[in-house]
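S.K.: This is the content of input.cif (mmCIF, C-alpha atoms):
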data_structure
loop_
_atom_site.label_atom_id
_atom_site.label_comp_id
_atom_site.auth_asym_id
_atom_site.auth_seq_id
_atom_site.Cartn_x
_atom_site.Cartn_y
_atom_site.Cartn_z
CA MET A 1 -126.82 -87.63 -2.63
CA GLN A 2 -128.28 -87.81 0.87
CA SER A 3 -125.90 -90.67 1.61
CA VAL A 4 -122.98 -88.42 0.61
CA ALA A 5 -124.21 -85.32 2.43
CA GLU A 6 -124.36 -87.01 5.82
CA PRO A 7 -120.73 -88.17 5.98
CA VAL A 8 -119.62 -84.89 4.40
CA GLY A 9 -121.36 -82.93 7.14
CA PHE A 10 -120.00 -85.29 9.79
CA GLY A 11 -116.46 -84.97 8.43
CA ALA A 12 -116.60 -81.19 8.14
CA ALA A 13 -117.95 -80.94 11.68
CA GLY A 14 -115.16 -83.23 12.91
CA ILE A 15 -112.42 -81.11 11.34
CA LEU A 16 -113.88 -77.88 12.66
CA LEU A 17 -114.52 -79.29 16.15
CA TRP A 18 -110.96 -80.65 16.40
CA ALA A 19 -109.50 -77.33 15.20
CA GLY A 20 -111.73 -75.24 17.48
CA LEU A 21 -111.05 -77.28 20.62
CA GLU A 22 -107.32 -77.23 19.99
CA LYS A 23 -107.31 -73.47 19.48
CA VAL A 24 -109.08 -73.13 22.82
CA ARG A 25 -106.48 -75.30 24.52
CA VAL A 26 -103.44 -73.51 23.10
CA ASN A 27 -105.02 -70.12 22.63
CA SER A 28 -101.80 -68.23 23.36
CA ALA A 29 -100.07 -70.02 20.47
CA PHE A 30 -102.96 -69.12 18.19
CA ALA A 31 -102.63 -65.50 19.34
CA ARG A 32 -98.93 -65.59 18.38
CA THR A 33 -99.91 -66.79 14.91
CA LEU A 34 -102.28 -63.83 14.60
CA ASP A 35 -99.52 -61.49 15.78
CA ASP A 36 -97.16 -62.97 13.19
CA LEU A 37 -99.76 -62.15 10.54
CA HIS A 38 -99.48 -58.49 11.69
CA PHE A 39 -103.15 -58.11 12.46
CA PRO A 40 -104.08 -54.91 14.32
CA ARG A 41 -103.92 -55.47 18.07
CA HIS A 42 -107.64 -54.99 18.79
CA PHE A 43 -108.61 -57.19 15.86
CA SER A 44 -106.17 -59.86 16.97
CA GLU A 45 -107.57 -59.86 20.52
CA LEU A 46 -111.06 -60.41 19.16
CA THR A 47 -110.07 -63.00 16.58
CA ARG A 48 -108.15 -65.23 18.98
CA PHE A 49 -111.43 -66.06 20.72
CA ALA A 50 -113.85 -65.55 17.85
CA VAL A 51 -112.27 -68.12 15.54
CA PRO A 52 -112.23 -71.12 17.91
CA VAL A 53 -115.69 -70.29 19.26
CA SER A 54 -117.00 -69.98 15.70
CA GLU A 55 -115.42 -73.29 14.72
CA ILE A 56 -117.00 -75.10 17.67
CA LEU A 57 -120.37 -73.43 17.12
CA VAL A 58 -120.45 -74.16 13.40
CA ALA A 59 -119.31 -77.76 13.94
CA SER A 60 -121.98 -78.33 16.58
CA ALA A 61 -124.67 -76.65 14.49
CA LEU A 62 -123.80 -78.72 11.40
CA LEU A 63 -124.84 -81.77 13.41
CA LEU A 64 -127.49 -80.34 15.72
CA VAL A 65 -129.45 -78.30 13.18
CA PRO A 66 -128.36 -79.60 9.76
CA SER A 67 -131.39 -78.10 8.03
CA ALA A 68 -130.39 -74.55 9.01
CA ALA A 69 -128.46 -72.60 6.40
CA TRP A 70 -126.23 -70.55 8.70
CA PRO A 71 -123.91 -73.44 9.74
CA ARG A 72 -123.14 -74.13 6.08
CA TYR A 73 -122.42 -70.49 5.34
CA GLY A 74 -120.43 -70.29 8.56
CA MET A 75 -118.34 -73.24 7.39
CA LEU A 76 -117.70 -71.56 4.06
CA ALA A 77 -116.82 -68.26 5.74
CA LEU A 78 -114.31 -70.03 7.99
CA ALA A 79 -112.81 -71.79 4.98
CA VAL A 80 -112.37 -68.47 3.21
CA ALA A 81 -110.77 -67.03 6.35
CA PHE A 82 -108.36 -69.99 6.50
CA ALA A 83 -107.46 -69.47 2.84
CA VAL A 84 -106.83 -65.77 3.43
CA ALA A 85 -104.60 -66.68 6.37
CA GLY A 86 -102.77 -69.14 4.10
CA ALA A 87 -102.26 -66.45 1.46
CA LEU A 88 -100.97 -64.03 4.12
CA GLY A 89 -98.65 -66.75 5.37
CA LEU A 90 -97.28 -67.29 1.87
CA ARG A 91 -96.79 -63.55 1.41
CA SER A 92 -94.76 -63.41 4.62
CA GLY A 93 -92.38 -66.12 3.42
CA GLY A 94 -94.21 -69.23 4.56
CA ALA A 95 -92.68 -69.46 8.02
CA ILE A 96 -95.68 -68.67 10.23
CA SER A 97 -96.69 -71.55 12.46
CA CYS A 98 -100.19 -72.69 11.58
CA THR A 99 -101.63 -73.83 14.95
CA CYS A 100 -104.63 -74.84 12.82
CA PHE A 101 -104.98 -78.05 14.79
CA GLY A 102 -103.10 -76.94 17.88
CA LEU A 103 -99.43 -77.45 18.65
CA THR A 104 -99.37 -81.15 17.90
CA GLY A 105 -98.64 -80.46 14.25
CA ARG A 106 -95.66 -78.60 12.83
CA SER A 107 -97.26 -77.16 9.73
CA VAL A 108 -97.06 -73.55 8.58
CA LEU A 109 -99.63 -71.27 7.01
CA GLY A 110 -99.48 -71.48 3.23
CA TRP A 111 -100.56 -73.63 0.34
CA ARG A 112 -102.35 -76.17 2.51
CA GLN A 113 -105.09 -73.69 3.49
CA LEU A 114 -105.44 -72.51 -0.11
CA ILE A 115 -105.67 -76.03 -1.48
CA ALA A 116 -108.27 -76.91 1.15
CA LEU A 117 -110.62 -74.13 0.02
CA PRO A 118 -112.04 -76.00 -3.02
CA GLY A 119 -112.64 -78.98 -0.75
CA TRP A 120 -114.60 -76.85 1.69
CA ALA A 121 -116.50 -75.28 -1.22
CA LEU A 122 -117.39 -78.73 -2.52
CA ALA A 123 -118.62 -79.75 0.93
CA PHE A 124 -120.72 -76.58 1.01
CA ILE A 125 -122.26 -77.39 -2.36
CA VAL A 126 -123.05 -80.97 -1.34
CA LEU A 127 -124.67 -79.82 1.91
CA GLU A 128 -126.52 -77.00 0.16
CA ARG A 129 -127.96 -79.17 -2.60
CA GLN A 130 -128.96 -82.06 -0.36
CA THR A 131 -129.40 -80.79 3.13
CA PRO A 132 -129.39 -83.58 5.69
CA VAL A 133 -132.47 -83.60 7.88
CA TRP A 134 -132.73 -85.09 11.34
CA SER A 135 -134.12 -84.05 14.67
CA LEU A 136 -132.26 -82.09 17.33
CA GLN A 137 -132.24 -85.21 19.48
CA ASP A 138 -130.62 -87.27 16.71
CA GLY A 139 -128.19 -84.43 16.11
CA SER A 140 -127.14 -84.38 19.75
CA GLY A 141 -126.43 -88.11 19.52
CA ARG A 142 -124.31 -87.53 16.43
CA LEU A 143 -122.43 -84.71 18.16
CA ALA A 144 -121.73 -86.93 21.17
CA ALA A 145 -120.53 -89.71 18.84
CA LEU A 146 -118.28 -87.28 16.98
CA ALA A 147 -116.74 -85.94 20.20
CA MET A 148 -116.09 -89.48 21.37
CA ILE A 149 -114.47 -90.41 18.05
CA LEU A 150 -112.18 -87.37 18.32
CA ALA A 151 -111.25 -88.27 21.91
CA ALA A 152 -110.59 -91.89 20.93
CA THR A 153 -108.43 -90.80 17.98
CA ARG A 154 -106.41 -88.58 20.26
CA GLY A 155 -106.23 -91.46 22.72
CA LEU A 156 -104.41 -93.49 20.07
CA PHE A 157 -101.82 -90.73 19.69
CA VAL A 158 -101.39 -90.62 23.48
CA ALA A 159 -100.97 -94.39 23.63
CA ARG A 160 -98.25 -94.22 20.98
CA ALA A 161 -96.45 -91.41 22.79
CA ALA A 162 -96.74 -93.29 26.09
CA MET A 163 -95.26 -96.45 24.58
CA SER A 164 -92.36 -94.48 23.16
CA ALA A 165 -91.80 -92.77 26.54
CA ARG A 166 -91.93 -96.13 28.30
CA GLY A 167 -89.24 -97.51 26.00
CA ASP A 168 -87.07 -94.46 26.64
CA ARG A 169 -87.62 -94.76 30.38
CA ARG A 170 -86.58 -98.41 30.41
CA ALA A 171 -83.47 -97.56 28.40
CA LEU A 172 -82.68 -94.54 30.57
CA ASN A 173 -80.87 -96.44 33.31
CA GLU A 174 -78.44 -97.88 30.79
CA ALA A 175 -78.13 -94.69 28.74
CA ALA A 176 -77.62 -92.49 31.81
CA VAL A 177 -74.50 -94.37 32.88
CA GLN A 178 -73.10 -94.69 29.40
CA ILE A 179 -70.85 -91.71 29.00
CA PRO A 180 -68.64 -91.88 32.13
CA PRO A 181 -67.72 -95.56 31.59
CA MET A 182 -66.95 -94.79 27.96
CA VAL A 183 -64.44 -92.13 29.01
CA ALA A 184 -63.00 -94.46 31.63
CA LEU A 185 -62.55 -97.16 29.05
CA ILE A 186 -60.72 -94.88 26.67
CA GLU A 187 -58.40 -93.79 29.44
CA GLY A 188 -57.91 -97.38 30.48
CA GLN A 189 -59.45 -96.96 33.91
CA ALA A 190 -62.16 -99.00 35.48
CA PRO A 191 -65.21 -96.97 36.54
CA MET B 1 -133.62 -86.02 28.80
CA THR B 2 -131.89 -87.88 25.98
CA LEU B 3 -130.90 -84.58 24.44
CA THR B 4 -129.38 -83.35 27.69
CA LEU B 5 -127.57 -86.63 28.20
CA ALA B 6 -126.15 -86.61 24.67
CA LEU B 7 -124.94 -83.04 25.05
CA LEU B 8 -123.38 -83.91 28.40
CA VAL B 9 -121.55 -86.86 26.81
CA ALA B 10 -120.37 -84.59 24.00
CA CYS B 11 -119.04 -82.05 26.51
CA LEU B 12 -117.28 -84.75 28.54
CA ALA B 13 -115.74 -86.27 25.41
CA ALA B 14 -114.54 -82.81 24.37
CA LEU B 15 -112.98 -82.40 27.81
CA VAL B 16 -111.22 -85.76 27.49
CA PHE B 17 -109.99 -84.67 24.07
CA LEU B 18 -108.48 -81.52 25.58
CA LEU B 19 -106.87 -83.42 28.47
CA LEU B 20 -105.36 -85.99 26.12
CA GLY B 21 -103.95 -83.12 24.06
CA ALA B 22 -102.27 -81.79 27.18
CA GLN B 23 -100.88 -85.26 27.86
CA ILE B 24 -99.32 -85.43 24.40
CA GLU B 25 -97.62 -82.14 25.09
CA LEU B 26 -96.27 -83.47 28.38
CA HIS B 27 -94.75 -86.43 26.59
CA ARG B 28 -93.15 -84.03 24.12
CA ASP B 29 -91.77 -81.91 26.94
CA VAL B 30 -90.18 -84.94 28.58
CA ALA B 31 -88.64 -86.02 25.26
CA GLN B 32 -87.30 -82.50 24.75
CA LEU B 33 -85.83 -82.36 28.26
CA ARG B 34 -84.18 -85.74 27.75
CA GLU B 35 -82.67 -84.56 24.49
CA TYR B 36 -81.32 -81.35 26.04
CA GLY B 37 -79.96 -83.33 28.99
CA GLY B 38 -78.15 -85.73 26.72
CA LEU B 39 -80.19 -88.60 28.13
CA ILE B 40 -81.17 -89.90 24.76
CA ASP B 41 -81.31 -93.48 23.70
CA ARG B 42 -79.93 -92.94 20.25
CA PRO B 43 -77.09 -94.89 18.61
CA SER B 44 -74.24 -93.00 16.92
CA PRO B 45 -72.35 -94.32 13.90
CA LEU B 46 -68.70 -95.25 14.45
CA ASP B 47 -65.94 -95.17 11.89
CA ILE B 48 -64.20 -98.49 11.31
CA GLY B 49 -62.01 -97.07 8.54
CA VAL B 50 -60.35 -99.57 6.25
CA ALA B 51 -62.04 -102.44 8.07
CA SER B 52 -65.24 -101.59 6.22
CA GLY B 53 -65.76 -104.19 3.52
CA ALA B 54 -63.10 -106.54 4.90
CA ALA B 55 -63.68 -110.12 6.00
CA PRO B 56 -64.39 -110.40 9.76
CA SER B 57 -61.78 -113.11 10.30
CA VAL B 58 -59.03 -110.72 9.18
CA TYR B 59 -59.69 -108.76 12.36
CA GLY B 60 -59.78 -111.77 14.64
CA LEU B 61 -63.51 -112.42 14.52
CA PRO B 62 -64.93 -115.92 14.00
CA GLY B 63 -64.26 -117.32 10.53
CA SER B 64 -67.88 -118.41 10.20
CA LEU B 65 -68.85 -114.72 9.98
CA ASP B 66 -67.00 -114.62 6.64
CA SER B 67 -69.85 -116.60 5.15
CA ALA B 68 -72.69 -115.05 7.17
CA ARG B 69 -75.32 -113.21 5.16
CA SER B 70 -76.27 -111.06 8.12
CA ALA B 71 -74.95 -110.88 11.67
CA VAL B 72 -74.32 -108.48 14.50
CA VAL B 73 -71.13 -108.51 16.56
CA LEU B 74 -71.57 -106.82 19.94
CA PHE B 75 -68.43 -105.46 21.56
CA VAL B 76 -68.65 -105.09 25.33
CA SER B 77 -66.24 -104.76 28.20
CA ASP B 78 -66.42 -105.73 31.82
CA LYS B 79 -65.14 -102.24 32.64
CA CYS B 80 -68.19 -100.53 31.19
CA ALA B 81 -71.37 -100.19 33.25
CA THR B 82 -73.69 -100.00 30.22
CA CYS B 83 -72.01 -103.08 28.75
CA ARG B 84 -72.58 -105.01 31.96
CA SER B 85 -76.21 -103.91 32.00
CA ILE B 86 -76.78 -104.96 28.38
CA VAL B 87 -75.09 -108.33 28.87
CA ALA B 88 -77.02 -108.92 32.11
CA ASN B 89 -80.30 -108.16 30.28
CA LEU B 90 -79.56 -110.94 27.81
CA ASN B 91 -80.01 -113.40 30.69
CA GLY B 92 -77.51 -115.70 29.06
CA ILE B 93 -79.65 -116.08 25.95
CA LEU B 94 -77.96 -114.92 22.78
CA PRO B 95 -80.44 -114.09 19.99
CA PRO B 96 -79.74 -115.72 16.62
CA GLY B 97 -77.13 -113.87 14.62
CA LEU B 98 -75.53 -112.22 17.63
CA THR B 99 -71.90 -112.74 18.51
CA ILE B 100 -70.39 -111.16 21.60
CA VAL B 101 -66.82 -109.97 21.81
CA LEU B 102 -66.15 -109.51 25.49
CA GLY B 103 -63.22 -107.40 26.59
CA VAL B 104 -62.24 -108.78 29.95
CA GLY B 105 -59.75 -108.12 32.72
CA ASP B 106 -57.99 -110.65 34.90
CA ASP B 107 -60.79 -113.19 35.28
CA PRO B 108 -62.39 -113.89 31.89
CA ASP B 109 -63.92 -117.18 32.98
CA GLY B 110 -65.55 -115.51 35.92
CA VAL B 111 -67.18 -112.90 33.72
CA THR B 112 -68.74 -115.41 31.33
CA LEU B 113 -69.99 -117.46 34.24
CA GLN B 114 -71.37 -114.40 36.01
CA TYR B 115 -73.61 -113.50 33.08
CA GLY B 116 -74.28 -117.06 32.00
CA LEU B 117 -72.93 -116.38 28.52
CA ASP B 118 -72.76 -119.16 26.02
CA ARG B 119 -69.03 -119.78 25.75
CA GLU B 120 -69.45 -121.18 22.25
CA ARG B 121 -70.73 -117.85 21.01
CA THR B 122 -68.56 -115.52 23.04
CA VAL B 123 -65.14 -114.34 21.96
CA LEU B 124 -62.88 -113.22 24.79
CA ASP B 125 -60.80 -110.21 23.89
CA VAL B 126 -58.34 -110.19 26.77
CA GLN B 127 -55.92 -107.53 25.59
CA GLY B 128 -58.52 -105.58 23.61
CA GLY B 129 -56.73 -106.62 20.43
CA ILE B 130 -59.83 -107.10 18.26
CA THR B 131 -61.39 -103.85 19.43
CA GLU B 132 -58.15 -101.98 18.82
CA ARG B 133 -57.63 -103.43 15.35
CA LEU B 134 -61.13 -102.32 14.35
CA GLY B 135 -60.48 -98.88 15.80
CA LEU B 136 -63.42 -99.04 18.20
CA ARG B 137 -62.76 -96.54 20.98
CA VAL B 138 -66.24 -96.47 22.46
CA LEU B 139 -68.06 -99.39 24.03
CA PRO B 140 -70.65 -100.85 23.92
CA ALA B 141 -70.53 -100.95 20.18
CA ALA B 142 -71.75 -103.24 17.45
CA VAL B 143 -70.37 -104.11 14.06
CA ILE B 144 -72.85 -105.18 11.42
CA VAL B 145 -71.79 -107.98 9.12
CA GLY B 146 -73.45 -108.48 5.76
CA ASP B 147 -72.60 -110.98 3.03
CA GLY B 148 -69.43 -111.95 4.84
CA CYS B 149 -68.08 -108.39 5.09
CA LEU B 150 -67.84 -105.86 7.88
CA LEU B 151 -70.33 -103.18 6.90
CA ARG B 152 -70.54 -100.52 9.58
CA ALA B 153 -70.29 -99.92 13.30
CA THR B 154 -72.51 -98.13 15.76
CA THR B 155 -72.70 -97.44 19.47
CA VAL B 156 -75.25 -99.47 21.41
CA PRO B 157 -76.54 -97.24 24.20
CA SER B 158 -79.11 -99.70 25.55
CA SER B 159 -80.54 -103.18 25.29
CA ARG B 160 -83.43 -101.74 23.35
CA GLN B 161 -81.09 -100.46 20.66
CA LEU B 162 -79.34 -103.83 20.51
CA TYR B 163 -82.63 -105.59 19.86
CA MET B 164 -83.62 -102.97 17.30
CA LEU B 165 -80.29 -103.54 15.57
CA LEU B 166 -80.91 -107.28 15.54
CA GLU B 167 -84.44 -106.78 14.23
CA SER B 168 -83.17 -104.60 11.40
CA ALA B 169 -81.63 -107.73 9.91
CA THR B 170 -84.15 -110.08 8.35
CA PRO B 171 -84.50 -113.04 10.74
CA SER B 172 -84.24 -115.56 7.95
CA ASP B 173 -81.02 -113.91 6.82
CA ARG B 174 -79.34 -114.29 10.19
CA GLU B 175 -77.35 -117.39 10.81
CA PRO B 176 -76.10 -118.98 14.01
CA ILE B 177 -72.41 -118.36 14.43
CA ASP B 178 -69.96 -121.19 14.80
CA LEU B 179 -67.01 -119.91 16.79
CA SER B 180 -64.83 -122.95 16.38
CA SER B 181 -62.56 -121.04 14.05
CA ALA B 182 -62.50 -117.81 16.02
CA THR B 183 -59.21 -116.15 16.66
CA LYS B 184 -59.28 -115.62 20.37
CA GLU B 185 -57.00 -113.54 22.48
CA ARG B 186 -57.26 -116.25 25.01
CA SER B 187 -58.54 -119.75 24.51
CA LEU B 188 -61.77 -120.55 26.30
#
Could you show the structure in this file as structure tokens?
M.R.:
Amino acid sequence: MQSVAEPVGFGAAGILLWAGLEKVRVNSAFARTLDDLHFPRHFSELTRFAVPVSEILVASALLLVPSAAWPRYGMLALAVAFAVAGALGLRSGGAISCTCFGLTGRSVLGWRQLIALPGWALAFIVLERQTPVWSLQDGSGRLAALAMILAATRGLFVARAAMSARGDRRALNEAAVQIPPMVALIEGQAP
Amino acid sequence: MTLTLALLVACLAALVFLLLGAQIELHRDVAQLREYGGLIDRPSPLDIGVASGAAPSVYGLPGSLDSARSAVVLFVSDKCATCRSIVANLNGILPPGLTIVLGVGDDPDGVTLQYGLDRERTVLDVQGGITERLGLRVLPAAVIVGDGCLLRATTVPSSRQLYMLLESATPSDREPIDLSSATKERSL
């Protein structure tokens, strides 16, 4: 069970850290999502910072102090909050942008958050029944490793986008001069 | 010390993560601007009407295409800047399965020599007869041949799209084209 609990905790921390960091980066988009959910203004202002900070804190704590109970309960509380947001999104017609993992995705609030809840609950049960134990020093190493894995994963996305942009750039010279010669050809004139 | 160092690495990695996220958004912005500006490298389908499904030789293309399992016929003109750019990028090397139909003006020999085109695999369309019969009004364009029939036509906005078009046909399916039986507007 211990062998399962460790990757489960690592994975949960990874998801929460990714989501929290992205909500920090595009916080205004996250605030728009909260506005779309028709939260009261003062509550929305608080939540737009509280959610990403909580996600980052819980993710870090899951790795730094795995024996503590509050990170696990924090994870479960966040999962319930996500599911509630999903249900509210469904009630509003399913057209509210999620911004769960920032703006790089195009998903909307809805079934995905509800379906994820049992998964989070299962992770909670696994971590609760077999709590991983390691020192703060080991935990900090794991947190550093996780952050580097996230950065490297994102680096792959950037590399793919850069390659696509490079191809477009190389084609641009030809594409940019395409339309006028086409017209000239149809009219039987040389450009 | 190790704890501090590990936390510092974690913070730096998180910062890199955020910066890379911003970079992805920049790439998206550029792609969006290019799309709005019409500067997109995207082929558009062309209608070849009744020619679809017909044998290539009926429209003046090489007779060997009638038995080709898969081939691409590129239509270019010396009047079109994009066409010249695409042909120049070939560096005189025609990939397997590619046939060029070159619409030329007064000096067809000069054009083929200028780009180092293989005369054996280039059809000169002096009066634009082949292009006109197929109803192609936009160049550069390509007609895809499959199982000896004209299948469809598309614009070719760049060299990249030409190579992608060629790659879309299975290499083993493509056959070198023998132009000895080609109906030419002007003999080479």
S.K.: Quick one: pull the distance between atom CA of Ser70 of chain B and atom CA of Arg84 of chain B, Å, one decimal.
M.R.: 24.9 Å
S.K.: Using all atoms listed in the file, determine which residues lie at most 7 Å from Arg152 of chain B, disregarding the query and same-chain residues fewer than 3 positions distant; provide the list as a ChimeraX atom specification.
M.R.: /B:48,52,143-144
S.K.: Pull out every residue that the PyMOL selection byres ((chain B) within 10 of (chain A)) matches in the shown coordinates and put them as a count of residues only.
M.R.: 59
S.K.: Between A:Ala29, A:Val4, A:Ala50, A:Ile15, single out the one closest to Thr99 of chain A, counting only C-alpha atoms.
M.R.: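 Of the candidates, the smallest distance to Thr99 of chain A is held by A:Ala29.
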S.K.: To one decimal place in Å, what is the distance between atom CA of Leu98 of chain B and atom CA of Asp147 of chain B?
M.R.: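 Computing the Euclidean distance for atom CA of Leu98 of chain B and atom CA of Asp147 of chain B yields 14.9 Å.
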S.K.: If I take atom CA of Gly146 of chain B and atom CA of Val101 of chain B, how far is one from the other in Å, to one decimal?
M.R.: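 Atom CA of Gly146 of chain B sits 17.4 Å away from atom CA of Val101 of chain B.
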S.K.: Could you write out as lines of an AutoDock Vina configuration file the box around segment 8-25 of chain B (axis-aligned, all atoms listed in the file, 3 Å on each side), with centre and edge lengths in Å to one decimal?
M.R.:
center_x = -110.5
center_y = -84.2
center_z = 26.3
size_x = 31.8
size_y = 11.3
size_z = 10.5
S.K.: Evaluate the PyMOL selection byres ((chain A and resi 75) around 9) here and jot the selected residues down as a PyMOL selection string.
M.R.: chain A and resi 12-13+16+55+58-59+62+70-74+76-80+120+124
S.K.: What's around Arg112 of chain A at 12 Å? Count only C-alpha atoms, leave out sequence neighbours fewer than 2 positions away in its own chain, and write the answer as a PyMOL selection string.
M.R.: chain A and resi 79+82-87+89-90+94+98+100+107-110+114-119
S.K.: Please write as an MDAnalysis selection string the full residue list that the PyMOL selection byres ((chain B and resi 60) around 6) yields on this file.
M.R.: chainID B and resid 57:59 61 130 183
S.K.: Need to verify the contact set: Gly116 of chain B, 10 Å, only C-alpha atoms, exclusion of same-chain residues closer than 6 positions in sequence. Can you return it as a list in words?
M.R.: Val87, Ala88, Leu90, Asn91, Gly92, Ile93 and Gly110 of chain B
S.K.: Please produce an output containing C-alpha atoms for each residue in the selection, written as a PDB file, in the coordinates of the input.
M.R.:
ATOM      1  CA  VAL B  87     -75.090-108.330  28.870  1.00  0.00           C
ATOM      2  CA  ALA B  88     -77.020-108.920  32.110  1.00  0.00           C
ATOM      3  CA  LEU B  90     -79.560-110.940  27.810  1.00  0.00           C
ATOM      4  CA  ASN B  91     -80.010-113.400  30.690  1.00  0.00           C
ATOM      5  CA  GLY B  92     -77.510-115.700  29.060  1.00  0.00           C
ATOM      6  CA  ILE B  93     -79.650-116.080  25.950  1.00  0.00           C
ATOM      7  CA  GLY B 110     -65.550-115.510  35.920  1.00  0.00           C
TER       8      GLY B 110
END
S.K.: Using only C-alpha atoms, pick whichever of A:Phe101, A:Ser28, A:Ile56, A:Ala95 has the shortest atom-to-atom distance to Ser44 of chain A.
M.R.: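 Smallest separation from Ser44 of chain A among the options: A:Ser28.
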S.K.: Near Ala55 of chain B, within 7 Å and counting all atoms listed in the file, which residues show up once chain neighbours fewer than 3 positions away are dropped, as number ranges by chain?
M.R.: B: 58, 66, 148-150
